[in-house]
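Data block for structure_21.cif (mmCIF, C-alpha atoms):
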```cif
data_query
loop_
_atom_site.label_atom_id
_atom_site.label_comp_id
_atom_site.auth_asym_id
_atom_site.auth_seq_id
_atom_site.Cartn_x
_atom_site.Cartn_y
_atom_site.Cartn_z
CA MET A 1 83.45 145.83 42.38
CA ASP A 2 85.98 148.22 40.89
CA ASP A 3 88.73 149.82 42.88
CA ASP A 4 87.95 153.48 42.74
CA THR A 5 87.54 155.20 46.06
CA ASP A 6 85.15 157.79 44.71
CA ASN A 7 82.16 155.83 45.88
CA PRO A 8 79.65 156.90 48.52
CA THR A 9 78.72 153.25 49.26
CA LYS A 10 82.31 152.47 50.23
CA TRP A 11 82.56 155.61 52.34
CA MET A 12 79.31 154.76 54.06
CA LEU A 13 80.39 151.19 54.78
CA ALA A 14 83.70 152.44 56.20
CA VAL A 15 81.72 154.75 58.47
CA ARG A 16 79.39 151.94 59.48
CA ASP A 17 81.95 149.21 60.02
CA LYS A 18 85.12 151.10 61.00
CA ARG A 19 83.78 154.44 62.27
CA ASP A 20 86.12 155.94 59.66
CA ARG A 21 86.23 159.73 60.04
CA VAL A 22 88.07 160.35 56.78
CA ALA A 23 85.34 158.49 54.92
CA PHE A 24 82.74 160.49 56.84
CA GLY A 25 84.51 163.67 55.74
CA ARG A 26 84.18 162.55 52.14
CA LEU A 27 80.48 161.86 52.60
CA PHE A 28 80.13 165.30 54.13
CA ASP A 29 81.95 166.98 51.24
CA HIS A 30 79.72 165.23 48.73
CA TYR A 31 76.33 165.44 50.38
CA ALA A 32 76.33 168.52 52.64
CA PRO A 33 76.39 171.08 49.78
CA ARG A 34 73.70 169.10 47.92
CA LEU A 35 71.58 168.79 51.03
CA LYS A 36 71.81 172.51 51.58
CA ALA A 37 70.57 173.22 48.07
CA ALA A 38 67.80 170.61 48.38
CA VAL A 39 66.58 171.86 51.75
CA ARG A 40 66.55 175.46 50.56
CA ARG A 41 64.27 174.40 47.74
CA GLY A 42 61.81 173.50 50.50
CA GLY A 43 61.76 177.14 51.58
CA ALA A 44 64.38 177.12 54.34
CA SER A 45 66.71 180.11 54.75
CA ALA A 46 70.42 179.51 54.29
CA ALA A 47 70.94 179.42 58.08
CA GLU A 48 68.00 177.07 58.67
CA ALA A 49 69.21 174.86 55.85
CA GLU A 50 72.67 174.59 57.40
CA ASP A 51 71.15 173.63 60.76
CA ILE A 52 69.28 170.83 59.01
CA VAL A 53 72.42 169.79 57.11
CA GLN A 54 74.29 169.49 60.43
CA ASP A 55 71.50 167.42 61.99
CA VAL A 56 71.24 165.15 58.97
CA MET A 57 74.99 164.56 58.66
CA LEU A 58 75.26 163.78 62.37
CA SER A 59 72.37 161.34 61.99
CA VAL A 60 74.26 159.69 59.13
CA TRP A 61 77.14 159.07 61.55
CA GLN A 62 74.91 158.00 64.44
CA LYS A 63 72.51 155.79 62.48
CA ALA A 64 75.17 154.23 60.26
CA ALA A 65 74.47 150.77 61.71
CA GLN A 66 71.06 150.86 60.03
CA PHE A 67 72.53 151.35 56.56
CA ASP A 68 72.14 148.29 54.33
CA PRO A 69 73.75 148.70 50.89
CA ALA A 70 71.62 145.88 49.45
CA ARG A 71 68.38 147.66 50.30
CA ALA A 72 69.08 151.34 49.80
CA PRO A 73 71.55 153.48 47.89
CA VAL A 74 73.41 155.94 50.14
CA SER A 75 71.67 158.88 48.48
CA GLY A 76 68.21 157.36 49.04
CA TRP A 77 69.03 156.58 52.66
CA ILE A 78 70.23 160.13 53.27
CA TYR A 79 67.22 161.51 51.42
CA ARG A 80 64.94 159.69 53.86
CA ILE A 81 66.81 161.02 56.91
CA ALA A 82 66.70 164.56 55.50
CA ARG A 83 63.02 164.44 54.58
CA ASN A 84 62.05 163.05 57.97
CA ARG A 85 64.06 165.78 59.68
CA GLN A 86 62.35 168.48 57.61
CA ILE A 87 58.92 167.06 58.34
CA ASP A 88 59.59 166.67 62.07
CA LEU A 89 60.74 170.29 62.27
CA HIS A 90 57.75 171.49 60.31
CA ARG A 91 55.26 169.66 62.51
CA ARG A 92 57.23 169.85 65.74
CA LYS A 93 56.69 166.16 66.32
CA SER A 94 58.00 162.88 64.96
CA ARG A 95 56.32 161.42 61.93
CA PRO A 96 55.40 157.74 61.99
CA GLU A 97 58.16 155.64 60.48
CA PRO A 98 58.23 151.93 59.64
CA GLU A 99 59.86 149.56 62.10
CA PRO A 100 63.53 149.21 61.23
CA LEU A 101 64.56 145.81 59.93
CA ASP A 102 66.65 143.89 62.39
CA LEU A 103 69.92 143.45 60.49
CA GLU A 104 71.85 141.86 63.33
CA GLY A 105 72.52 138.21 62.73
CA GLU A 106 71.50 138.51 59.09
CA ALA A 107 74.04 137.25 56.59
CA PRO A 108 75.89 140.14 54.95
CA PRO A 109 74.37 140.97 51.59
CA ASP A 110 75.69 139.43 48.43
CA ALA A 111 78.27 141.75 46.83
CA SER A 112 76.59 141.34 43.45
CA GLN A 113 73.32 142.56 44.92
CA VAL A 114 75.04 145.65 46.30
CA LEU A 115 76.71 146.28 42.95
CA ALA A 116 73.43 145.85 41.08
CA LEU A 117 71.78 148.43 43.31
CA GLU A 118 74.68 150.83 42.75
CA GLN A 119 74.33 150.43 39.00
CA GLU A 120 70.59 151.01 39.18
CA THR A 121 71.21 154.16 41.15
CA ALA A 122 73.78 155.43 38.66
CA GLU A 123 71.33 154.83 35.82
CA LEU A 124 68.62 156.61 37.72
CA ARG A 125 70.92 159.58 38.20
CA ARG A 126 71.70 159.65 34.50
CA ALA A 127 68.00 159.40 33.64
CA LEU A 128 67.30 162.37 35.88
CA GLN A 129 70.09 164.38 34.28
CA ALA A 130 68.70 163.56 30.85
CA LEU A 131 65.35 165.14 31.66
CA GLY A 132 64.57 168.62 30.47
CA PRO A 133 65.12 171.40 33.02
CA ASP A 134 61.34 171.85 33.41
CA GLN A 135 60.71 168.24 34.30
CA ARG A 136 63.72 168.05 36.54
CA GLN A 137 62.66 171.12 38.44
CA ILE A 138 59.20 169.72 38.96
CA ILE A 139 60.58 166.45 40.27
CA GLU A 140 62.96 168.24 42.60
CA THR A 141 60.07 170.30 43.88
CA ALA A 142 58.00 167.16 44.49
CA TYR A 143 60.80 165.50 46.45
CA PHE A 144 62.17 168.49 48.34
CA GLY A 145 59.60 171.24 48.23
CA GLU A 146 56.57 172.08 50.29
CA LEU A 147 54.68 173.52 47.35
CA THR A 148 51.24 172.19 46.56
CA HIS A 149 50.29 171.60 42.93
CA ALA A 150 48.43 174.92 42.93
CA GLU A 151 51.52 176.71 44.17
CA ILE A 152 53.65 175.04 41.54
CA GLN A 153 51.26 176.46 38.97
CA ALA A 154 51.60 179.94 40.43
CA ALA A 155 55.37 179.62 40.43
CA THR A 156 55.71 178.49 36.83
CA GLY A 157 52.62 179.88 35.19
CA LEU A 158 51.68 176.47 33.80
CA PRO A 159 48.16 175.09 34.01
CA LEU A 160 47.58 172.52 36.71
CA GLY A 161 46.77 169.65 34.34
CA THR A 162 50.01 170.18 32.47
CA ILE A 163 51.93 170.22 35.72
CA LYS A 164 50.37 167.02 36.91
CA SER A 165 50.97 165.19 33.68
CA ARG A 166 54.53 166.46 33.49
CA LEU A 167 55.15 165.38 37.03
CA ARG A 168 53.69 161.97 36.25
CA LEU A 169 55.61 161.70 33.02
CA GLY A 170 58.89 162.60 34.64
CA ILE A 171 58.42 160.24 37.52
CA GLU A 172 57.20 157.43 35.29
CA ARG A 173 60.26 157.78 33.11
CA LEU A 174 62.43 157.49 36.18
CA ARG A 175 60.44 154.62 37.57
CA HIS A 176 61.14 152.71 34.41
CA GLU A 177 64.77 152.68 35.45
CA LEU A 178 63.88 151.16 38.78
CA LYS A 179 62.14 147.98 37.79
CA GLU A 180 64.93 145.75 38.99
CA LEU A 181 64.77 147.36 42.39
CA ARG A 182 61.20 146.35 42.85
CA ARG A 183 61.65 142.69 43.54
CA PRO A 184 58.92 141.32 45.75
CA MET B 1 55.34 138.14 56.31
CA THR B 2 53.63 136.36 53.47
CA GLY B 3 50.12 136.30 52.14
CA ILE B 4 49.53 140.03 51.93
CA GLY B 5 47.56 140.66 48.76
CA HIS B 6 46.35 144.24 49.18
CA HIS B 7 49.11 146.80 49.23
CA VAL B 8 49.65 150.54 49.49
CA PRO B 9 48.98 152.13 46.07
CA GLU B 10 52.17 153.38 44.42
CA ALA B 11 51.09 157.01 44.39
CA MET B 12 50.46 156.83 48.11
CA LEU B 13 53.91 155.37 48.78
CA ARG B 14 55.39 158.23 46.79
CA ASP B 15 53.41 160.73 48.83
CA TYR B 16 54.62 159.07 52.02
CA ALA B 17 58.23 159.28 50.81
CA THR B 18 57.93 162.96 49.93
CA GLY B 19 55.97 163.85 53.07
CA ALA B 20 52.78 164.81 51.25
CA LEU B 21 50.35 162.57 53.17
CA PRO B 22 48.21 163.69 56.11
CA TYR B 23 49.25 162.24 59.45
CA PRO B 24 46.54 159.54 59.74
CA PHE B 25 47.53 158.07 56.36
CA GLU B 26 51.23 158.25 57.23
CA LEU B 27 50.45 156.16 60.28
CA VAL B 28 48.72 153.53 58.16
CA VAL B 29 51.47 153.45 55.53
CA ALA B 30 54.25 153.19 58.15
CA THR B 31 52.34 150.39 59.87
CA HIS B 32 51.69 148.47 56.65
CA VAL B 33 55.31 148.83 55.52
CA SER B 34 56.37 147.42 58.89
CA MET B 35 54.37 144.28 57.99
CA CYS B 36 55.05 144.08 54.25
CA ASP B 37 58.44 143.57 52.58
CA THR B 38 56.98 144.23 49.13
CA CYS B 39 55.93 147.74 50.11
CA ARG B 40 59.16 148.26 52.05
CA ALA B 41 61.06 147.61 48.82
CA ALA B 42 58.72 149.84 46.81
CA LEU B 43 59.14 152.64 49.36
CA GLY B 44 62.90 152.16 49.06
CA ALA B 45 62.52 152.70 45.30
CA GLU B 46 60.64 155.95 45.90
CA GLU B 47 63.36 157.09 48.27
CA ALA B 48 65.99 156.12 45.71
CA LEU B 49 64.31 158.58 43.35
CA GLY B 50 64.56 161.23 46.04
CA GLY B 51 68.20 160.26 46.45
CA ALA B 52 68.86 160.63 42.73
CA ALA B 53 67.31 164.09 42.86
CA LEU B 54 69.50 164.85 45.88
CA ASP B 55 72.60 163.76 43.96
CA GLY B 56 71.67 166.23 41.24
CA ALA B 57 70.86 169.14 43.57
CA GLY B 58 73.02 172.23 43.88
CA PRO B 59 75.70 171.98 45.18
CA GLU B 60 75.55 175.13 47.26
CA ASP B 61 78.51 176.58 49.18
CA LEU B 62 78.56 176.02 52.92
CA THR B 63 79.53 178.49 55.58
CA PRO B 64 83.23 177.95 56.37
CA GLY B 65 83.51 176.07 59.63
CA LEU B 66 80.36 174.00 59.19
CA ARG B 67 82.38 170.91 58.31
CA ASP B 68 84.63 171.26 61.35
CA ALA B 69 81.61 171.90 63.55
CA VAL B 70 80.01 168.65 62.45
CA LEU B 71 83.23 166.62 62.67
CA SER B 72 83.87 167.92 66.18
CA ARG B 73 80.50 166.59 67.31
CA LEU B 74 80.99 163.00 66.19
CA ASP B 75 81.99 161.95 69.69
CA ASP B 76 78.96 163.53 71.35
CA THR B 77 77.00 161.08 73.40
CA VAL B 78 73.70 160.50 71.72
CA ILE B 79 70.64 159.43 73.58
CA ALA B 80 68.77 158.02 70.64
CA PRO B 81 65.09 157.53 71.27
CA PRO B 82 64.44 153.79 71.00
CA ARG B 83 63.02 152.92 67.61
CA PRO B 84 59.48 151.63 67.82
CA ALA B 85 59.22 147.90 68.39
CA ARG B 86 56.24 145.69 67.74
CA ARG B 87 54.04 144.90 70.72
CA GLY B 88 51.70 141.96 70.25
CA ILE B 89 49.62 142.55 67.12
CA TYR B 90 50.66 146.21 66.96
CA PRO B 91 53.64 146.99 64.67
CA GLY B 92 56.16 149.59 65.83
CA PRO B 93 54.53 152.83 64.61
CA LEU B 94 51.23 151.84 66.24
CA ALA B 95 52.82 150.48 69.41
CA GLU B 96 54.63 153.79 69.77
CA LEU B 97 51.34 155.67 69.60
CA ILE B 98 49.39 153.35 71.88
CA GLY B 99 52.12 153.21 74.51
CA ASP B 100 52.56 150.51 77.12
CA ARG B 101 48.89 150.19 77.97
CA ASP B 102 46.21 148.34 76.07
CA PRO B 103 44.04 150.42 73.73
CA ARG B 104 41.14 152.16 75.48
CA TRP B 105 38.18 150.55 73.82
CA ARG B 106 34.71 152.06 73.69
CA SER B 107 31.61 150.26 72.56
CA VAL B 108 30.05 151.62 69.37
CA GLY B 109 27.49 148.92 68.61
CA PRO B 110 26.74 145.25 69.26
CA GLY B 111 30.14 143.89 70.22
CA VAL B 112 31.88 146.44 68.03
CA ARG B 113 34.43 148.63 69.77
CA GLN B 114 36.75 151.38 68.76
CA SER B 115 39.69 153.26 70.19
CA ILE B 116 40.37 156.70 68.75
CA LEU B 117 44.08 157.33 68.29
CA HIS B 118 43.98 160.63 66.47
CA ASP B 119 41.27 163.07 65.48
CA ASP B 120 41.83 166.56 64.13
CA ALA B 121 41.65 168.61 60.95
CA ASP B 122 44.07 166.21 59.23
CA GLY B 123 41.57 163.39 59.66
CA SER B 124 41.21 160.54 62.09
CA ALA B 125 42.88 157.25 62.96
CA ARG B 126 41.29 154.63 65.15
CA LEU B 127 41.38 150.98 66.01
CA LEU B 128 38.27 148.92 65.36
CA PHE B 129 37.40 145.68 67.14
CA ILE B 130 34.77 143.58 65.33
CA PRO B 131 33.64 140.18 66.71
CA PRO B 132 33.54 137.30 64.19
CA GLY B 133 30.56 137.56 61.86
CA GLU B 134 29.61 141.03 63.02
CA ALA B 135 29.24 143.91 60.61
CA VAL B 136 30.65 147.37 60.94
CA PRO B 137 27.74 149.84 60.61
CA GLU B 138 27.26 150.75 56.98
CA HIS B 139 28.73 154.05 56.04
CA GLY B 140 30.10 156.10 53.24
CA HIS B 141 32.87 158.58 53.73
CA ASN B 142 33.59 162.12 52.73
CA GLY B 143 37.12 161.40 51.70
CA LEU B 144 39.42 158.44 51.44
CA GLU B 145 39.36 155.67 54.03
CA LEU B 146 42.21 153.25 54.66
CA THR B 147 41.60 150.07 56.66
CA LEU B 148 44.53 147.85 57.65
CA VAL B 149 43.89 144.43 59.21
CA LEU B 150 46.00 143.69 62.31
CA GLN B 151 44.23 140.55 63.51
CA GLY B 152 41.52 138.28 62.04
CA SER B 153 39.94 139.26 58.74
CA PHE B 154 36.98 140.99 57.13
CA HIS B 155 35.23 140.82 53.83
CA ASP B 156 32.80 143.03 51.98
CA GLU B 157 30.81 142.71 48.78
CA SER B 158 33.84 142.70 46.57
CA ASP B 159 36.84 141.31 48.41
CA SER B 160 38.35 139.83 51.55
CA PHE B 161 41.16 141.14 53.70
CA GLY B 162 43.48 139.28 56.08
CA VAL B 163 46.32 140.33 58.38
CA GLY B 164 48.49 142.96 56.71
CA ASP B 165 45.99 143.67 53.92
CA LEU B 166 45.09 147.29 53.27
CA GLU B 167 41.71 148.32 51.93
CA VAL B 168 41.53 151.68 50.18
CA ALA B 169 37.98 152.99 49.86
CA ASP B 170 37.12 156.26 48.16
CA ALA B 171 34.20 158.59 48.70
CA ASP B 172 31.96 156.87 46.15
CA MET B 173 32.19 153.49 47.77
CA VAL B 174 29.52 152.40 50.23
CA HIS B 175 30.51 149.12 51.74
CA LEU B 176 29.49 146.67 54.43
CA PRO B 177 32.50 145.00 55.94
CA ILE B 178 31.83 141.81 57.93
CA ALA B 179 34.42 140.22 60.20
CA GLY B 180 35.50 136.72 59.26
CA ASP B 181 35.39 133.61 61.46
CA GLY B 182 38.07 132.92 64.01
CA LEU B 183 39.69 135.68 66.00
CA PRO B 184 37.94 139.02 66.39
CA CYS B 185 38.96 141.39 63.61
CA ILE B 186 41.13 144.28 64.79
CA CYS B 187 41.85 146.98 62.21
CA LEU B 188 43.54 150.33 61.98
CA ALA B 189 41.18 152.66 60.11
CA ALA B 190 42.10 156.15 58.96
CA THR B 191 40.24 158.83 57.07
CA ASP B 192 41.09 162.28 55.87
CA ALA B 193 37.52 163.32 56.79
CA PRO B 194 34.95 162.34 59.43
CA LEU B 195 32.85 159.29 58.63
CA ARG B 196 29.13 159.73 57.94
CA PHE B 197 26.63 157.00 58.55
CA LYS B 198 23.61 156.40 56.36
CA SER B 199 20.92 155.68 58.90
CA LEU B 200 19.77 158.10 61.55
CA VAL B 201 20.71 156.20 64.70
CA PRO B 202 24.33 155.72 63.81
CA ARG B 203 24.40 159.33 62.69
CA LEU B 204 23.30 160.35 66.18
CA ALA B 205 25.80 157.93 67.64
CA GLN B 206 28.44 159.51 65.45
CA ARG B 207 28.08 162.75 67.34
CA PHE B 208 28.70 161.01 70.63
CA PHE B 209 31.27 158.50 69.65
CA ARG B 210 33.06 160.50 66.97
CA ILE B 211 33.01 157.57 64.59
#
```

Render the structure in this file as C-alpha cells.
Amino acid sequence: MDDDTDNPTKWMLAVRDKRDRVAFGRLFDHYAPRLKAAVRRGGASAAEAEDIVQDVMLSVWQKAAQFDPARAPVSGWIYRIARNRQIDLHRRKSRPEPEPLDLEGEAPPDASQVLALEQETAELRRALQALGPDQRQIIETAYFGELTHAEIQAATGLPLGTIKSRLRLGIERLRHELKELRRP
Amino acid sequence: MTGIGHHVPEAMLRDYATGALPYPFELVVATHVSMCDTCRAALGAEEALGGAALDGAGPEDLTPGLRDAVLSRLDDTVIAPPRPARRGIYPGPLAELIGDRDPRWRSVGPGVRQSILHDDADGSARLLFIPPGEAVPEHGHNGLELTLVLQGSFHDESDSFGVGDLEVADADMVHLPIAGDGLPCICLAATDAPLRFKSLVPRLAQRFFRI
C-alpha cells in the first residue's frame, strides 16, 4: 500500500482501531459535505439534511468496529448507513437489515485484498465520472432519491422507456467495473 | 452456508440497496442475505455503487459549527439497540420480528399452518409450516411472491428448494409446491399483493385466514 495519508480507508481504520479523532475529522471533512448534497437530492431541506449528516457521521464513529475493509469500501459502508437512516426516518421504524457478520476472532483481512477493493472502488469512481451528466444524474437519483420512474420522467421530460434503459445502461456500465468484487 | 442455489435476483438486490423494495420483500432479502455469503457480497457491490455516487456528490457547504457539534458528541454514551441475532432456524431479521416467543401458528389446511408476520397495503409476510409430503393449496398470485426456505425443503413442477433457497414466482405462475421428506418445511413467504386461491373452498378460507 502506498504511503499517502489522503485515504479514507486508512482514516476509517484509525477510527476503528485507535479511536483516532483527527482521522475522524478527516472523514467528516470528506464525507459530510457529500452526504449533505446526496441527502438533499432525496428531497430533504438543508436543515433536515444536516440532521441526517450528524446522525450518519456519529454512527460512523459508533459502528466503526463493524467496518471491514476487505468487504466494503468506506464510501459504500457509509452509503449503507446513510440510506438506512433516510429510510428509517421516512417510515418511522427500522428497516430489516441482514445479520452482521461476526468479525471477532476472524483473521485480519489480507492487505492485498483490501488494496484490490480500494482499486476497484477508485475505478468505479472514475467510471461514474466518465458518464454523461444525464446518466450520472439518473444514477444519483436512483441511489439517493425518492423519485419513482414516473417522477423522473416528469422531472426530465424524457419518456419512461428511455429513462429505464438509460438507468440500466448506466448501471450496467458501472457493474462491469465490479466483476472482481463479486466473488462467490 | 453452502448449497444455496437459488438467490436474490440482481435487480432486487439493487432495489434493496437503494430502498426501493416494499417492506415484506425487504424482510425476505435481509433474511436471505443473512444466510447467503454470495448475496451478501453482491449486495456489497450494489452498495459500493451507491458509495461511488456518494463520492461524486456535491460537495455542499455545511453550516459553520456542524463539525464541532459532531466532534463534541463522540464521547456520548450510546445505547445501541442489539443487532438482531439468529434464534434457532430464524436468522436475525426474522428473529427480531418474531421476538422471544415461538411463532403463533394457525391451521390453514391438513397439517399446514401459517403465522402472519405482516399484512398491509405494502403486501404480506408470513411463515408457512408444511408437513413432509403435504402440498400447499394451489394458488396464483396478483403480484410477485417470494418464498425462502428456513427448514426442510419443497419442490414444485419445475424445481426444488432447500434451506436458504429463494423462489421468486411472478403473477403468471401457478404452482403446486410440495414439502420434501424429512423435517417439516418452514418457509418465509412474502407477496406484494394478497394471494388468491383457485378453488372455491380455499377462496372462502382466504377471507378467514387471510392467506

Selection: 10 Å around Val70 (chain B), only C-alpha atoms, excl. self and same-chain fewer than 5 positions, as number ranges by chain: A: 25, 28, 53-55, 57-58; B: 65

Evaluate the PyMOL selection byres ((chain A) within 7 of (chain B)) and report residues as number ranges by chain: A: 33-38, 54, 58, 72-73, 75-76, 79-80, 87, 96-99, 124-125, 140, 142-143, 178, 181-182, 184

Selected residues, C-alpha atoms, written as a compact mmCIF listing (two decimals), keeping the file's coordinate frame, please.
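This went into part.txt:
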```
# COMPACT_ATOMS: atom_id res chain seq x y z
CA PRO A 33 76.39 171.08 49.78
CA ARG A 34 73.70 169.10 47.92
CA LEU A 35 71.58 168.79 51.03
CA LYS A 36 71.81 172.51 51.58
CA ALA A 37 70.57 173.22 48.07
CA ALA A 38 67.80 170.61 48.38
CA GLN A 54 74.29 169.49 60.43
CA LEU A 58 75.26 163.78 62.37
CA ALA A 72 69.08 151.34 49.80
CA PRO A 73 71.55 153.48 47.89
CA SER A 75 71.67 158.88 48.48
CA GLY A 76 68.21 157.36 49.04
CA TYR A 79 67.22 161.51 51.42
CA ARG A 80 64.94 159.69 53.86
CA ILE A 87 58.92 167.06 58.34
CA PRO A 96 55.40 157.74 61.99
CA GLU A 97 58.16 155.64 60.48
CA PRO A 98 58.23 151.93 59.64
CA GLU A 99 59.86 149.56 62.10
CA LEU A 124 68.62 156.61 37.72
CA ARG A 125 70.92 159.58 38.20
CA GLU A 140 62.96 168.24 42.60
CA ALA A 142 58.00 167.16 44.49
CA TYR A 143 60.80 165.50 46.45
CA LEU A 178 63.88 151.16 38.78
CA LEU A 181 64.77 147.36 42.39
CA ARG A 182 61.20 146.35 42.85
CA PRO A 184 58.92 141.32 45.75
```

Coordinates-based distance that separates CA of Gly42 (chain A) from CA of Gln129 (chain A) (Å, one decimal): 20.4 Å

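Every protein or nucleic acid residue with an atom no more than 9 Å from region 143-148 of chain B, counting only C-alpha atoms and leaving out same-chain residues fewer than 2 positions away, appears here: Phe25, Val28, Thr31, His32, Gly140, His141, Leu150, Phe161, Gly162, Val163, Gly164, Asp165, Leu166, Glu167, Val168, Ala169, Asp170, Ala171, Asp172, Ile186, Cys187, Leu188, Ala189, Ala190, Thr191, Asp192, Ala193, Pro194 and Leu195 of chain B.
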
Length of the CA of Lys18 (chain A) to CA of His30 (chain A) vector [Å]: 19.5 Å

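A search radius of 7 Å centred on (40.7, 151.4, 64.9), applied to only C-alpha atoms, returns the residues B:Gln114, B:Ser115, B:Ile116, B:Ala125, B:Arg126, B:Leu127, B:Leu128, B:Phe129, B:Cys187, B:Leu188, B:Ala189.
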
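Shortest separation to Val60 (chain A) among A:Gly145, A:Pro108, A:Trp77, A:Gln137 occurs at residue A:Trp77, atoms counted being only C-alpha atoms.
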
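Pairwise distance (CA of Arg101 (chain B), CA of Ile79 (chain B)) equals 24.0 Å.
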
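Proximity to Val149 (chain B) was assessed for B:Gly133, B:Gly99, B:Gly5, B:Gly123 counting all atoms listed in the file; the smallest distance is recorded for B:Gly5.
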
Residue contacts of Leu115 (chain A) (10 Å, only C-alpha atoms) excluding same-chain residues fewer than 3 positions away, as a list in words: Met1, Asp2, Thr9, Pro69, Ala70, Asp110, Ala111, Ser112, Glu118, Gln119, Glu120 and Thr121 of chain A

Quick one: 5 Å padding each side, axis-aligned, all listed atoms of region 118-133 of chain A - centre and edge lengths in Å to one decimal, as lines of an AutoDock Vina configuration file?
```
center_x = 69.6
center_y = 160.9
center_z = 36.6
size_x = 20.1
size_y = 31.0
size_z = 22.3
```

Using the incomplete input, complete region 7-25 of chain A to the level of N, CA and C atoms; output as a PDB file, keeping the file's coordinate frame.
```
ATOM      1  N   ASN A   7      83.359 156.633  45.859  1.00  0.00           N
ATOM      2  CA  ASN A   7      82.160 155.830  45.880  1.00  0.00           C
ATOM      3  C   ASN A   7      81.467 155.954  47.233  1.00  0.00           C
ATOM      4  N   PRO A   8      80.333 156.659  47.245  1.00  0.00           N
ATOM      5  CA  PRO A   8      79.650 156.900  48.520  1.00  0.00           C
ATOM      6  C   PRO A   8      79.320 155.607  49.279  1.00  0.00           C
ATOM      7  N   THR A   9      79.036 154.497  48.555  1.00  0.00           N
ATOM      8  CA  THR A   9      78.720 153.250  49.260  1.00  0.00           C
ATOM      9  C   THR A   9      79.916 152.795  50.088  1.00  0.00           C
ATOM     10  N   LYS A  10      81.116 152.880  49.487  1.00  0.00           N
ATOM     11  CA  LYS A  10      82.310 152.470  50.230  1.00  0.00           C
ATOM     12  C   LYS A  10      82.556 153.388  51.430  1.00  0.00           C
ATOM     13  N   TRP A  11      82.374 154.683  51.216  1.00  0.00           N
ATOM     14  CA  TRP A  11      82.560 155.610  52.340  1.00  0.00           C
ATOM     15  C   TRP A  11      81.575 155.261  53.466  1.00  0.00           C
ATOM     16  N   MET A  12      80.345 155.027  53.065  1.00  0.00           N
ATOM     17  CA  MET A  12      79.310 154.760  54.060  1.00  0.00           C
ATOM     18  C   MET A  12      79.595 153.470  54.821  1.00  0.00           C
ATOM     19  N   LEU A  13      80.078 152.448  54.102  1.00  0.00           N
ATOM     20  CA  LEU A  13      80.390 151.190  54.780  1.00  0.00           C
ATOM     21  C   LEU A  13      81.583 151.343  55.715  1.00  0.00           C
ATOM     22  N   ALA A  14      82.558 152.190  55.311  1.00  0.00           N
ATOM     23  CA  ALA A  14      83.700 152.440  56.200  1.00  0.00           C
ATOM     24  C   ALA A  14      83.242 153.165  57.462  1.00  0.00           C
ATOM     25  N   VAL A  15      82.277 154.060  57.291  1.00  0.00           N
ATOM     26  CA  VAL A  15      81.720 154.750  58.470  1.00  0.00           C
ATOM     27  C   VAL A  15      80.981 153.745  59.343  1.00  0.00           C
ATOM     28  N   ARG A  16      80.197 152.890  58.710  1.00  0.00           N
ATOM     29  CA  ARG A  16      79.390 151.940  59.480  1.00  0.00           C
ATOM     30  C   ARG A  16      80.261 150.915  60.215  1.00  0.00           C
ATOM     31  N   ASP A  17      81.228 150.350  59.481  1.00  0.00           N
ATOM     32  CA  ASP A  17      81.950 149.210  60.020  1.00  0.00           C
ATOM     33  C   ASP A  17      83.216 149.595  60.776  1.00  0.00           C
ATOM     34  N   LYS A  18      83.837 150.744  60.378  1.00  0.00           N
ATOM     35  CA  LYS A  18      85.120 151.100  61.000  1.00  0.00           C
ATOM     36  C   LYS A  18      85.063 152.439  61.707  1.00  0.00           C
ATOM     37  N   ARG A  19      83.899 153.086  61.707  1.00  0.00           N
ATOM     38  CA  ARG A  19      83.780 154.440  62.270  1.00  0.00           C
ATOM     39  C   ARG A  19      84.894 155.322  61.688  1.00  0.00           C
ATOM     40  N   ASP A  20      85.038 155.269  60.386  1.00  0.00           N
ATOM     41  CA  ASP A  20      86.120 155.940  59.660  1.00  0.00           C
ATOM     42  C   ASP A  20      85.769 157.418  59.442  1.00  0.00           C
ATOM     43  N   ARG A  21      86.537 158.305  60.111  1.00  0.00           N
ATOM     44  CA  ARG A  21      86.230 159.730  60.040  1.00  0.00           C
ATOM     45  C   ARG A  21      86.628 160.361  58.711  1.00  0.00           C
ATOM     46  N   VAL A  22      87.676 159.824  58.095  1.00  0.00           N
ATOM     47  CA  VAL A  22      88.070 160.350  56.780  1.00  0.00           C
ATOM     48  C   VAL A  22      86.960 160.065  55.769  1.00  0.00           C
ATOM     49  N   ALA A  23      86.435 158.849  55.827  1.00  0.00           N
ATOM     50  CA  ALA A  23      85.340 158.490  54.920  1.00  0.00           C
ATOM     51  C   ALA A  23      84.113 159.358  55.219  1.00  0.00           C
ATOM     52  N   PHE A  24      83.867 159.628  56.497  1.00  0.00           N
ATOM     53  CA  PHE A  24      82.740 160.490  56.840  1.00  0.00           C
ATOM     54  C   PHE A  24      82.951 161.894  56.251  1.00  0.00           C
ATOM     55  N   GLY A  25      84.197 162.366  56.323  1.00  0.00           N
ATOM     56  CA  GLY A  25      84.510 163.670  55.740  1.00  0.00           C
ATOM     57  C   GLY A  25      84.195 163.709  54.245  1.00  0.00           C
TER      58      GLY A  25
END
```
